[in-house]
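This is model_4.cif. It holds mmCIF, C-alpha atoms.
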data_my_file
loop_
_atom_site.label_atom_id
_atom_site.label_comp_id
_atom_site.auth_asym_id
_atom_site.auth_seq_id
_atom_site.Cartn_x
_atom_site.Cartn_y
_atom_site.Cartn_z
CA MET N 29 138.32 74.67 81.30
CA SER N 30 140.69 74.38 84.23
CA ALA N 31 141.95 77.08 86.52
CA TYR N 32 145.41 76.66 85.13
CA GLU N 33 144.31 77.70 81.70
CA GLN N 34 143.58 81.13 83.01
CA PRO N 35 146.18 83.66 81.95
CA PRO N 36 148.19 85.41 84.64
CA GLY N 37 146.00 88.12 86.10
CA GLY N 38 142.75 86.37 85.20
CA GLY N 39 140.49 87.05 82.27
CA THR N 40 139.83 84.92 79.24
CA PRO N 41 142.87 83.01 78.01
CA GLY N 42 143.93 84.29 74.64
CA PRO N 43 145.19 82.26 71.72
CA GLU N 44 148.81 83.19 72.51
CA HIS N 45 148.32 81.73 75.97
CA ARG N 46 147.00 78.44 74.59
CA ALA N 47 149.79 78.34 72.01
CA ALA N 48 152.47 78.74 74.66
CA LEU N 49 150.81 76.07 76.79
CA ALA N 50 150.65 73.51 73.95
CA LEU N 51 154.21 74.00 72.75
CA GLY N 52 155.52 74.37 76.29
CA ASP N 53 153.90 71.08 77.34
CA ASP N 54 155.43 69.30 74.31
CA ALA N 55 158.89 70.45 75.36
CA LEU N 56 158.36 69.78 79.07
CA VAL N 57 157.03 66.25 78.68
CA LEU N 58 159.70 65.18 76.21
CA ALA N 59 162.37 66.68 78.47
CA GLN N 60 161.06 64.57 81.34
CA ARG N 61 161.03 61.41 79.22
CA LEU N 62 164.57 61.99 77.97
CA GLY N 63 165.70 62.73 81.50
CA GLU N 64 164.63 59.20 82.46
CA TRP N 65 167.58 57.94 80.40
CA ALA N 66 170.11 59.64 82.69
CA GLY N 67 172.23 56.83 84.10
CA HIS N 68 170.57 54.23 81.87
CA ALA N 69 171.65 55.02 78.30
CA PRO N 70 173.53 52.34 76.33
CA VAL N 71 176.79 54.29 76.41
CA LEU N 72 178.04 57.23 78.45
CA GLU N 73 178.16 59.57 75.45
CA GLU N 74 174.49 58.88 74.78
CA ASP N 75 173.62 59.44 78.41
CA VAL N 76 175.17 62.90 78.10
CA ALA N 77 173.57 63.55 74.71
CA LEU N 78 170.03 62.70 75.80
CA SER N 79 170.43 64.71 78.99
CA ASN N 80 171.65 67.70 77.00
CA ILE N 81 168.72 67.48 74.61
CA ALA N 82 166.42 67.23 77.63
CA LEU N 83 168.02 70.35 79.07
CA ASP N 84 167.47 72.30 75.85
CA LEU N 85 163.83 71.24 75.83
CA LEU N 86 163.40 72.12 79.48
CA GLY N 87 164.76 75.59 78.77
CA GLN N 88 162.24 76.00 75.97
CA ALA N 89 159.48 74.71 78.23
CA ARG N 90 160.34 77.18 80.97
CA THR N 91 160.23 80.09 78.56
CA LEU N 92 156.97 78.96 76.98
CA LEU N 93 155.16 78.09 80.20
CA SER N 94 156.22 81.42 81.67
CA LEU N 95 154.35 83.06 78.81
CA ALA N 96 151.28 81.10 79.90
CA GLY N 97 151.53 81.57 83.65
CA ASP N 98 153.66 80.42 86.57
CA GLU N 99 156.03 77.77 85.22
CA ASP N 100 156.21 75.73 88.42
CA GLU N 101 152.48 75.71 89.01
CA LEU N 102 151.87 74.71 85.43
CA ALA N 103 154.43 71.93 85.49
CA TYR N 104 153.79 70.52 88.93
CA LEU N 105 150.22 71.23 89.90
CA ARG N 106 148.14 70.44 86.86
CA GLU N 107 146.26 67.19 86.49
CA GLU N 108 146.75 64.90 83.52
CA ARG N 109 143.75 66.20 81.60
CA GLU N 110 145.03 69.76 81.85
CA PHE N 111 148.19 69.06 79.84
CA ARG N 112 148.08 70.00 76.17
CA ASN N 113 151.09 68.13 74.79
CA VAL N 114 150.79 65.81 71.82
CA GLN N 115 150.60 62.14 72.75
CA LEU N 116 153.81 61.37 70.85
CA VAL N 117 156.07 63.01 73.43
CA GLU N 118 154.54 61.18 76.40
CA GLN N 119 155.16 57.72 74.92
CA PRO N 120 157.42 55.62 77.16
CA ASN N 121 161.10 55.45 76.32
CA GLY N 122 160.88 51.78 75.33
CA ASP N 123 164.19 50.55 73.97
CA PHE N 124 166.79 52.88 72.50
CA ALA N 125 165.28 52.61 69.02
CA ASP N 126 161.88 53.68 70.36
CA THR N 127 163.47 56.74 71.92
CA ILE N 128 165.29 57.60 68.70
CA ALA N 129 162.17 57.16 66.56
CA ARG N 130 160.19 59.43 68.91
CA GLN N 131 163.03 61.95 68.77
CA LEU N 132 163.24 61.85 64.99
CA TYR N 133 159.50 62.35 64.53
CA PHE N 134 159.34 65.14 67.07
CA SER N 135 162.57 66.99 66.27
CA VAL N 136 161.77 67.20 62.56
CA HIS N 137 158.36 68.58 63.46
CA GLN N 138 159.73 71.05 65.99
CA GLU N 139 162.49 72.30 63.71
CA LEU N 140 160.04 72.94 60.86
CA LEU N 141 157.48 74.55 63.16
CA TYR N 142 159.98 76.78 64.96
CA GLY N 143 161.49 77.65 61.60
CA GLN N 144 158.11 78.95 60.47
CA LEU N 145 157.39 80.77 63.71
CA ALA N 146 160.83 82.38 63.83
CA GLY N 147 159.82 84.70 61.00
CA GLY N 148 156.97 86.17 63.03
CA ARG N 149 156.75 88.72 65.79
CA GLY N 150 156.38 88.57 69.53
CA GLU N 151 157.75 86.42 72.29
CA LEU N 152 156.80 83.13 70.67
CA ALA N 153 158.76 84.12 67.56
CA GLU N 154 161.78 85.13 69.64
CA LEU N 155 161.81 81.79 71.43
CA ALA N 156 161.36 79.94 68.13
CA ALA N 157 164.26 81.80 66.51
CA LYS N 158 166.48 80.87 69.42
CA ALA N 159 165.33 77.28 69.85
CA VAL N 160 165.29 76.30 66.18
CA LYS N 161 169.08 76.12 66.18
CA GLU N 162 169.10 73.75 69.12
CA THR N 163 166.34 71.68 67.59
CA ALA N 164 168.32 71.33 64.35
CA TYR N 165 171.05 69.68 66.39
CA HIS N 166 168.54 67.33 68.07
CA ARG N 167 167.15 66.37 64.70
CA ASP N 168 170.61 65.74 63.35
CA HIS N 169 171.38 63.52 66.33
CA ALA N 170 168.21 61.47 65.83
CA GLU N 171 168.94 61.22 62.12
CA GLN N 172 172.45 59.87 62.67
CA TRP N 173 171.14 57.18 65.00
CA THR N 174 168.28 56.23 62.69
CA LEU N 175 170.82 55.67 59.92
CA ARG N 176 173.16 53.70 62.16
CA LEU N 177 170.48 51.47 63.58
CA GLY N 178 168.54 51.04 60.35
CA ASP N 179 171.60 50.26 58.30
CA GLY N 180 173.31 48.36 61.13
CA THR N 181 172.89 44.79 62.33
CA ALA N 182 169.85 42.63 61.65
CA GLU N 183 168.74 43.15 65.23
CA SER N 184 169.18 46.94 65.27
CA ARG N 185 167.41 47.13 61.93
CA ARG N 186 164.46 45.09 63.16
CA ARG N 187 164.12 47.21 66.28
CA MET N 188 164.42 50.54 64.45
CA GLN N 189 161.74 49.54 61.97
CA SER N 190 159.49 48.31 64.73
CA ALA N 191 159.96 51.59 66.63
CA LEU N 192 159.14 53.71 63.58
CA ASP N 193 156.05 51.61 62.90
CA GLY N 194 154.87 51.63 66.50
CA LEU N 195 154.98 55.40 66.93
CA TRP N 196 153.62 56.26 63.49
CA ARG N 197 150.05 56.42 64.76
CA TYR N 198 150.97 59.35 67.01
CA THR N 199 152.38 61.52 64.24
CA GLY N 200 149.11 62.79 62.75
CA GLU N 201 148.47 64.96 65.76
CA LEU N 202 151.62 66.98 65.05
CA PHE N 203 149.87 68.68 62.14
CA GLN N 204 146.54 69.50 63.71
CA PRO N 205 146.28 73.29 63.93
CA VAL N 206 146.79 74.75 67.38
CA GLU N 207 144.94 77.95 68.13
CA GLY N 208 147.35 80.84 68.47
CA VAL N 209 150.18 79.12 66.61
CA PRO N 210 150.51 81.00 63.32
CA ALA N 211 151.82 78.10 61.25
CA ASP N 212 151.14 76.79 57.78
CA TRP N 213 150.06 73.32 58.93
CA GLU N 214 149.80 71.81 55.48
CA ALA N 215 153.31 72.90 54.60
CA LEU N 216 154.43 71.53 57.94
CA ALA N 217 152.86 68.13 57.24
CA SER N 218 154.31 67.82 53.75
CA GLY N 219 157.71 69.10 54.83
CA TRP N 220 157.73 66.60 57.67
CA ARG N 221 156.80 63.72 55.36
CA ASN N 222 159.64 64.68 53.02
CA VAL N 223 162.33 64.96 55.67
CA VAL N 224 161.30 61.92 57.71
CA GLY N 225 160.72 59.87 54.57
CA ALA N 226 164.18 60.70 53.22
CA VAL N 227 165.88 59.73 56.50
CA ILE N 228 163.99 56.45 56.76
CA GLU N 229 164.79 55.55 53.18
CA GLN N 230 168.45 56.45 53.61
CA ALA N 231 168.43 54.17 56.65
CA THR N 232 167.29 51.41 54.23
CA LEU N 233 164.04 51.08 56.16
CA ALA N 234 160.41 51.29 55.08
CA VAL N 235 158.31 54.40 55.66
CA PRO N 236 155.34 53.21 57.78
CA GLU N 237 152.12 53.02 55.82
CA GLY N 238 149.41 52.89 58.47
CA PRO N 239 147.14 55.71 59.58
CA GLN N 240 148.79 58.56 61.45
CA SER N 241 146.23 58.45 64.23
CA SER N 242 144.48 55.76 66.22
CA ALA N 243 140.99 54.93 65.01
CA TRP N 244 139.91 54.10 68.55
CA SER N 245 141.43 57.15 70.17
CA ALA N 246 139.12 59.07 72.49
CA GLY N 247 140.74 62.35 71.54
CA THR N 248 144.06 64.04 71.21
CA GLY N 249 146.67 65.28 73.63
CA ARG N 250 145.91 68.83 72.56
CA GLN N 251 142.40 68.30 73.96
CA GLY N 252 143.81 66.93 77.21
CA VAL N 253 143.26 63.27 76.34
CA HIS N 254 146.40 61.28 77.05
CA THR N 255 147.64 57.73 76.86
CA GLU N 256 147.91 55.38 79.80
CA ALA N 257 151.60 55.86 80.53
CA PHE N 258 151.32 59.62 80.88
CA GLY N 259 149.68 59.56 84.31
CA ARG N 260 152.51 57.48 85.75
CA MET N 261 155.08 59.80 84.24
CA LEU N 262 153.34 62.80 85.79
CA ALA N 263 153.15 61.09 89.17
CA GLU N 264 156.91 60.74 89.20
CA MET N 265 157.50 64.23 87.83
CA GLN N 266 155.17 65.95 90.28
CA HIS N 267 155.66 63.80 93.35
CA LEU N 268 158.40 65.83 95.04
CA HIS N 269 156.77 69.20 94.48
CA ARG N 270 153.39 67.99 95.69
CA SER N 271 154.85 66.26 98.76
CA HIS N 272 156.85 69.31 99.78
CA PRO N 273 154.98 72.40 98.59
CA GLY N 274 157.19 75.41 98.29
CA ALA N 275 160.39 73.44 98.89
CA SER N 276 163.52 74.87 97.34
CA TRP N 277 167.26 74.38 97.54
CA MET X 9 157.19 100.67 90.85
CA VAL X 10 158.72 104.10 91.21
CA THR X 11 159.63 105.01 94.74
CA HIS X 12 160.39 108.66 95.20
CA THR X 13 162.19 109.50 98.39
CA ALA X 14 160.95 112.68 99.96
CA ARG X 15 164.30 113.78 101.32
CA PRO X 16 167.61 113.53 99.49
CA THR X 17 168.87 110.83 101.82
CA ARG X 18 170.50 107.58 100.88
CA PRO X 19 167.86 104.88 100.47
CA GLU X 20 168.37 101.41 101.83
CA PRO X 21 170.26 99.12 99.47
CA GLY X 22 167.84 97.22 97.33
CA THR X 23 165.28 100.01 97.38
CA PRO X 24 164.54 101.59 94.03
CA THR X 25 166.14 105.01 94.01
CA ALA X 26 164.55 108.03 92.46
CA ALA X 27 166.45 109.52 89.56
CA GLU X 28 166.63 112.93 91.21
CA THR X 29 168.29 111.83 94.44
CA PRO X 30 171.94 112.89 94.78
CA ASP X 31 173.00 109.24 94.43
CA VAL X 32 171.57 109.02 90.98
CA PRO X 33 172.09 112.27 89.16
CA GLU X 34 170.58 112.40 85.72
CA THR X 35 172.63 112.91 82.58
CA PRO X 36 175.42 113.32 81.78
CA ASP X 37 176.44 111.00 84.59
CA THR X 38 173.80 108.44 83.64
CA HIS X 39 175.92 107.44 80.68
CA ALA X 40 179.02 107.17 82.78
CA LEU X 41 177.15 105.06 85.28
CA GLU X 42 175.80 102.79 82.56
CA ALA X 43 179.27 102.39 81.09
CA GLU X 44 180.67 101.56 84.50
CA ALA X 45 177.90 99.03 85.16
CA LEU X 46 178.45 97.46 81.75
CA ALA X 47 182.16 97.10 82.42
CA LEU X 48 181.52 95.53 85.83
CA ALA X 49 178.86 93.15 84.53
CA GLY X 50 181.06 92.21 81.59
CA ALA X 51 183.96 91.43 83.91
CA VAL X 52 181.94 88.80 85.81
CA PRO X 53 183.49 85.37 85.13
CA ASP X 54 181.40 82.73 83.40
CA PRO X 55 180.31 80.19 86.04
CA GLU X 56 181.16 77.19 83.84
CA LEU X 57 184.27 78.58 82.14
CA PRO X 58 185.73 80.98 84.71
CA GLN X 59 188.65 81.73 82.38
CA LEU X 60 186.18 83.74 80.30
CA SER X 61 184.30 86.83 81.32
CA LEU X 62 180.69 87.41 80.35
CA ALA X 63 181.98 90.12 77.97
CA ASP X 64 184.29 87.58 76.32
CA LEU X 65 181.32 85.29 75.89
CA GLY X 66 179.23 88.08 74.44
CA VAL X 67 176.17 87.48 76.62
CA VAL X 68 175.78 90.91 78.20
CA ARG X 69 173.64 92.84 75.77
CA GLY X 70 173.64 96.21 77.48
CA VAL X 71 172.86 98.24 80.54
CA ALA X 72 170.13 100.83 80.79
CA ARG X 73 169.43 103.14 83.67
CA GLN X 74 165.68 103.20 84.15
CA ARG X 75 163.64 106.22 85.05
CA ASP X 76 162.86 104.76 88.45
CA GLY X 77 166.56 104.45 89.26
CA VAL X 78 166.75 100.74 88.51
CA THR X 79 169.85 99.59 86.69
CA GLU X 80 168.71 97.07 84.12
CA VAL X 81 171.21 94.61 82.70
CA ARG X 82 170.21 92.70 79.59
CA LEU X 83 171.58 89.15 79.55
CA THR X 84 171.15 86.58 76.79
CA PRO X 85 171.56 82.81 77.29
CA THR X 86 173.92 80.80 75.11
CA TYR X 87 171.41 77.93 75.01
CA THR X 88 167.75 78.29 76.00
CA GLY X 89 168.17 75.82 78.83
CA CYS X 90 171.61 76.93 79.97
CA PRO X 91 171.47 76.51 83.76
CA ALA X 92 174.35 78.96 84.21
CA VAL X 93 172.13 81.95 83.39
CA GLU X 94 170.70 82.13 86.90
CA THR X 95 174.16 82.10 88.44
CA MET X 96 175.28 84.75 85.97
CA ALA X 97 172.38 86.98 86.94
CA GLU X 98 173.18 86.52 90.62
CA ASP X 99 176.86 87.28 90.05
CA ILE X 100 175.98 90.41 88.07
CA ARG X 101 173.74 91.66 90.87
CA GLU X 102 176.58 91.09 93.30
CA ALA X 103 179.11 92.87 91.07
CA LEU X 104 176.76 95.85 90.91
CA SER X 105 175.93 95.91 94.60
CA ALA X 106 177.42 99.39 95.04
CA ARG X 107 174.77 101.81 96.16
CA ARG X 108 175.13 104.13 93.18
CA PHE X 109 173.63 101.48 90.93
CA GLY X 110 170.41 101.36 92.94
CA THR X 111 168.32 98.26 92.44
CA VAL X 112 169.81 96.01 89.81
CA ARG X 113 167.49 94.04 87.60
CA VAL X 114 168.85 91.42 85.24
CA VAL X 115 166.49 90.70 82.39
CA ARG X 116 166.83 87.72 80.10
CA VAL X 117 166.59 88.57 76.42
CA LEU X 118 166.33 86.00 73.64
CA SER X 119 166.38 88.17 70.56
CA PRO X 120 168.51 88.40 68.56
CA ALA X 121 169.59 84.88 69.39
CA TRP X 122 173.14 84.47 70.68
CA THR X 123 175.62 82.85 68.31
CA THR X 124 179.16 81.65 68.83
CA ASP X 125 180.27 84.57 66.66
CA ASP X 126 179.39 86.73 69.67
CA ILE X 127 182.40 85.28 71.47
CA THR X 128 185.18 87.84 71.20
CA ASP X 129 188.65 87.13 69.79
CA GLU X 130 189.94 87.48 73.32
CA GLY X 131 187.36 84.91 74.42
CA ARG X 132 188.49 82.48 71.73
CA ARG X 133 192.09 82.89 72.79
CA LYS X 134 191.18 82.19 76.42
CA LEU X 135 189.16 79.12 75.45
CA ALA X 136 192.10 77.65 73.56
CA GLU X 137 194.37 78.43 76.51
CA ALA X 138 191.96 76.55 78.78
CA GLY X 139 192.22 73.50 76.52
CA ILE X 140 188.89 74.03 74.79
CA ALA X 141 188.93 74.32 71.01
CA PRO X 142 187.07 77.55 70.21
CA PRO X 143 184.18 77.64 67.76
CA ARG X 144 185.20 78.51 64.24
CA SER X 145 184.24 82.02 63.18
CA GLY X 146 181.35 81.97 60.79
CA GLY X 147 181.02 78.29 61.63
CA PRO X 148 181.59 75.38 59.32
CA ALA X 149 181.18 75.81 55.58
CA ALA X 150 177.54 76.54 54.99
CA ASP X 151 177.31 74.12 52.10
CA GLY X 152 178.96 71.23 53.91
CA PRO X 153 176.62 68.33 54.60
CA VAL X 154 178.58 67.25 57.68
CA PRO X 155 179.58 70.44 59.47
CA LEU X 156 181.87 68.82 62.02
CA SER X 157 184.10 67.23 59.40
CA LEU X 158 186.04 70.46 58.90
CA ALA X 159 189.35 70.75 60.69
CA ILE X 160 189.28 71.64 64.37
CA ARG X 161 192.66 72.28 65.92
CA CYS X 162 193.80 70.35 68.99
CA PRO X 163 194.26 72.90 71.80
CA ASN X 164 197.05 70.78 73.27
CA CYS X 165 199.42 70.13 70.37
CA GLY X 166 197.96 72.24 67.57
CA SER X 167 197.36 69.35 65.20
CA VAL X 168 194.35 69.67 62.91
CA ASP X 169 194.08 65.90 62.84
CA THR X 170 191.24 65.47 65.31
CA GLU X 171 188.14 63.29 65.48
CA LEU X 172 184.69 63.57 67.02
CA LEU X 173 184.09 61.31 70.01
CA SER X 174 180.71 62.59 71.12
CA ARG X 175 178.40 65.24 69.75
CA PHE X 176 177.59 66.33 73.28
CA SER X 177 180.02 66.86 76.12
CA SER X 178 180.18 68.28 79.65
CA THR X 179 177.78 71.08 78.76
CA ALA X 180 175.24 71.61 75.99
CA CYS X 181 177.57 74.05 74.23
CA LYS X 182 180.46 71.60 73.82
CA ALA X 183 181.31 68.46 71.86
CA LEU X 184 183.98 65.94 72.83
CA ARG X 185 186.86 65.32 70.40
CA ARG X 186 190.17 63.52 70.41
CA CYS X 187 193.45 64.49 68.80
CA THR X 188 194.78 61.67 66.66
CA ALA X 189 198.30 63.12 66.89
CA CYS X 190 198.76 63.51 70.67
CA ARG X 191 195.80 61.24 71.61
CA GLU X 192 194.46 63.75 74.10
CA PRO X 193 190.69 64.15 74.30
CA PHE X 194 189.46 67.74 74.40
CA ASP X 195 186.27 69.77 74.43
CA HIS X 196 185.21 71.74 71.40
CA PHE X 197 182.89 74.71 71.78
CA LYS X 198 180.35 73.86 69.08
CA GLU X 199 179.43 76.43 66.48
CA LEU X 200 175.93 77.82 67.00
CA LEU X 201 175.01 80.25 64.27
#
If you took the structure in this file and wrote it as structure tokens, what would it be?
Amino acid sequence: MSAYEQPPGGGTPGPEHRAALALGDDALVLAQRLGEWAGHAPVLEEDVALSNIALDLLGQARTLLSLAGDEDELAYLREEREFRNVQLVEQPNGDFADTIARQLYFSVHQELLYGQLAGGRGELAELAAKAVKETAYHRDHAEQWTLRLGDGTAESRRRMQSALDGLWRYTGELFQPVEGVPADWEALASGWRNVVGAVIEQATLAVPEGPQSSAWSAGTGRQGVHTEAFGRMLAEMQHLHRSHPGASW
Amino acid sequence: MVTHTARPTRPEPGTPTAAETPDVPETPDTHALEAEALALAGAVPDPELPQLSLADLGVVRGVARQRDGVTEVRLTPTYTGCPAVETMAEDIREALSARRFGTVRVVRVLSPAWTTDDITDEGRRKLAEAGIAPPRSGGPAADGPVPLSLAIRCPNCGSVDTELLSRFSSTACKALRRCTACREPFDHFKELL
């Protein structure tokens, strides 16, 4: 266990602490990935859209990581193996279809999960109740694009299908119970299959059939095991803070 | 931390004031002070939409005078990641810099979550005046599959014949639309309910 998994003030990290860290890392890492599109999206409107979604996620991440400790230390000074995000969110942006597929898979998951948590008590529930509305809009955005690309040209259709297939193996991890997150994981998995399946079918595409996890995987993101691209992403994300400790503007 | 001053002298600005010092008499003036602080905090202009005050936007949740003489202002963000919140907090602290308010603490509250129905009628009027179509009260029809298809009035010419250009606009809380009558593009404050 790393130093950064200690709760503020020391002691043994509780389940709430680990829950905030896992969900906070999901939001932080996806925010960083989406931010990479700024200035590079296919059209200006999409540039703005992806940046806005990133901003929402960053806001969620800040709230969640602050429940787990110092947000800046957690974001900028942890090593790769100390992050607890699912591997799905760290996957490279790829082409626009890859980004949309990742967004669809994740937003549907996050909306269902936050929807469940919103009914609870405590700070996690308060954040979930607030963020679920934003997430519904992210999901809707990803849905619209999946339909447009899937039911679009032959090329957009081919790319959207390929993106959905390629990321499918990272979706199983979304439904592995996280300690401290009071969710009904089975309901989450079946709800996710229903929503994602309906969108893919409406987009006239095929729901991927392969396994939802890699057979050769050494572990999951929740255990701190990440995919190759994650280290490079972190290097870019943390570079400024590490080069100029304590810098501010 | 409660800092009691031994003598009834004025503490330095920024120092927590004890409730029993002459500067901070206890009730009934506490209520008057809270009401005054609430009015001042509410009058702070929104950093992104300066035509609106924070009261118009419905983001100031209340003011409470703490036992230790701290004036606590409860502020709720429109969106979780709204970067304007920090500026709002700073502006509130500045608006309440008068010594009688003691130390001012702005706390961020998330619950109950802010909705566009928290924007006052006055706020909606000011939005429209600034060329931003206000969110519809109660939002789009709950049973509509495509919420944004309901009529949104052009703030320039008043036509209800408008179309969506982009689901996201200059800030997270707005969408970009265009009026098909006068051809002017305009921002629409999206419903968040």
Review point. Which residues come within 8 Å of Arg132 of chain X, counting all atoms listed in the file, excluding same-chain residues fewer than 5 positions away, as number ranges by chain?
Key: X: 127, 142-143
Exercise for review: Would you kindly return, as a PyMOL selection string, each protein, DNA or RNA residue with an atom no farther than 10 Å from any atom of Gln230 of chain N, considering only C-alpha atoms and excluding same-chain residues fewer than 4 positions away?
Suggested key: chain N and resi 171+174-175+178-179+224-226+234
Practice item. Could the residues of chain N within 12 Å of chain X, counting only C-alpha atoms, be given as a PyMOL selection string, please? Key: chain N and resi 55-56+59+71-92+146+149-166+168-170+172-173
Practice item. Point out the residue among N:Leu233, N:Ala50, N:Val136, N:Ala69 with the least atom-to-atom distance to Leu216 of chain N, counting only C-alpha atoms. Key: N:Val136
Exercise for review: Using only C-alpha atoms, find the one residue out of X:Val71, X:Ile160, X:Leu62, X:Ala45 that sits nearest to Ser105 of chain X.
Suggested key: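 Closest candidate: X:Ala45.
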Point to revise | Residue contacts of Asp53 of chain N (9 Å, only C-alpha atoms) excluding same-chain residues fewer than 3 positions away, as a PyMOL selection string | key: chain N and resi 48-50+56-58+89+92-93+103+111-114
Point to revise | Residues matched by the PyMOL selection byres ((chain X and resi 133) around 12) as a list in words | key: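 That selection, the PyMOL selection byres ((chain X and resi 133) around 12), comes back as Gln59, Leu60, Asp64, Leu65, Ile127, Thr128, Asp129, Glu130, Gly131, Arg132, Lys134, Leu135, Ala136, Glu137, Ala138, Gly139, Ile140, Ala141, Pro142, Pro143, Arg144 and Pro163 of chain X.
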Exercise for review: Report the distance between atom CA of Ala47 of chain N and atom CA of Arg82 of chain X in Å, rounded to one decimal place.
Suggested key: 26.1 Å
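If you look at atom CA of His45 of chain N and atom CA of Asp98 of chain N, they are 11.9 Å away from each other.
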Exercise for review: Grab the atom CA of Glu44 of chain N to atom CA of Gly97 of chain N distance for me, in Å with one decimal place.
Suggested key: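 The value is 11.6 Å.
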Review point. Can you tell me, as a PyMOL selection string, what residues are no more than 6 Å from Lys182 of chain X when counting only C-alpha atoms, ignoring any on the same chain fewer than 4 positions away?
Key: chain X and resi 177+196-198
When the PyMOL selection byres ((chain X and resi 83) around 7) is applied to the structure above, which residues does it catch, written out as a compact mmCIF listing (two decimals) with C-alpha atoms, keeping the file's coordinate frame?
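Written file, result_8.txt:
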# COMPACT_ATOMS: atom_id res chain seq x y z
CA VAL X 67 176.17 87.48 76.62
CA VAL X 68 175.78 90.91 78.20
CA ARG X 69 173.64 92.84 75.77
CA VAL X 81 171.21 94.61 82.70
CA ARG X 82 170.21 92.70 79.59
CA THR X 84 171.15 86.58 76.79
CA PRO X 85 171.56 82.81 77.29
CA VAL X 114 168.85 91.42 85.24
CA VAL X 115 166.49 90.70 82.39
CA ARG X 116 166.83 87.72 80.10
CA VAL X 117 166.59 88.57 76.42
Using the atoms already present, construct N, CA, C and O atoms for segment 234-245 of chain N and hand them back as a short mmCIF file (atom, residue, chain, number, x, y, z; two decimals), in the coordinates of the input.
data_model
loop_
_atom_site.label_atom_id
_atom_site.label_comp_id
_atom_site.auth_asym_id
_atom_site.auth_seq_id
_atom_site.Cartn_x
_atom_site.Cartn_y
_atom_site.Cartn_z
N ALA N 234 161.66 50.99 55.78
CA ALA N 234 160.41 51.29 55.08
C ALA N 234 159.64 52.38 55.81
O ALA N 234 159.48 52.31 57.04
N VAL N 235 159.16 53.36 55.07
CA VAL N 235 158.31 54.40 55.66
C VAL N 235 156.99 53.72 56.06
O VAL N 235 156.37 53.05 55.24
N PRO N 236 156.59 53.86 57.34
CA PRO N 236 155.34 53.21 57.78
C PRO N 236 154.16 53.64 56.92
O PRO N 236 154.12 54.78 56.45
N GLU N 237 153.23 52.73 56.73
CA GLU N 237 152.12 53.02 55.82
C GLU N 237 150.79 53.21 56.51
O GLU N 237 149.84 53.67 55.91
N GLY N 238 150.70 52.84 57.78
CA GLY N 238 149.41 52.89 58.47
C GLY N 238 148.89 54.30 58.67
O GLY N 238 149.54 55.28 58.30
N PRO N 239 147.71 54.39 59.28
CA PRO N 239 147.14 55.71 59.58
C PRO N 239 148.00 56.44 60.61
O PRO N 239 148.64 55.80 61.44
N GLN N 240 147.97 57.77 60.53
CA GLN N 240 148.79 58.56 61.45
C GLN N 240 148.03 58.95 62.72
O GLN N 240 148.42 59.86 63.43
N SER N 241 146.92 58.26 62.95
CA SER N 241 146.23 58.45 64.23
C SER N 241 145.48 57.17 64.54
O SER N 241 145.19 56.38 63.65
N SER N 242 145.17 56.97 65.80
CA SER N 242 144.48 55.76 66.22
C SER N 242 142.98 55.89 65.96
O SER N 242 142.37 56.87 66.37
N ALA N 243 142.42 54.88 65.32
CA ALA N 243 140.99 54.93 65.01
C ALA N 243 140.16 54.91 66.28
O ALA N 243 139.09 55.48 66.35
N TRP N 244 140.69 54.25 67.31
CA TRP N 244 139.91 54.10 68.55
C TRP N 244 140.23 55.17 69.60
O TRP N 244 139.77 55.13 70.71
N SER N 245 141.03 56.13 69.21
CA SER N 245 141.43 57.15 70.17
C SER N 245 140.25 57.99 70.62
O SER N 245 139.38 58.35 69.83
#
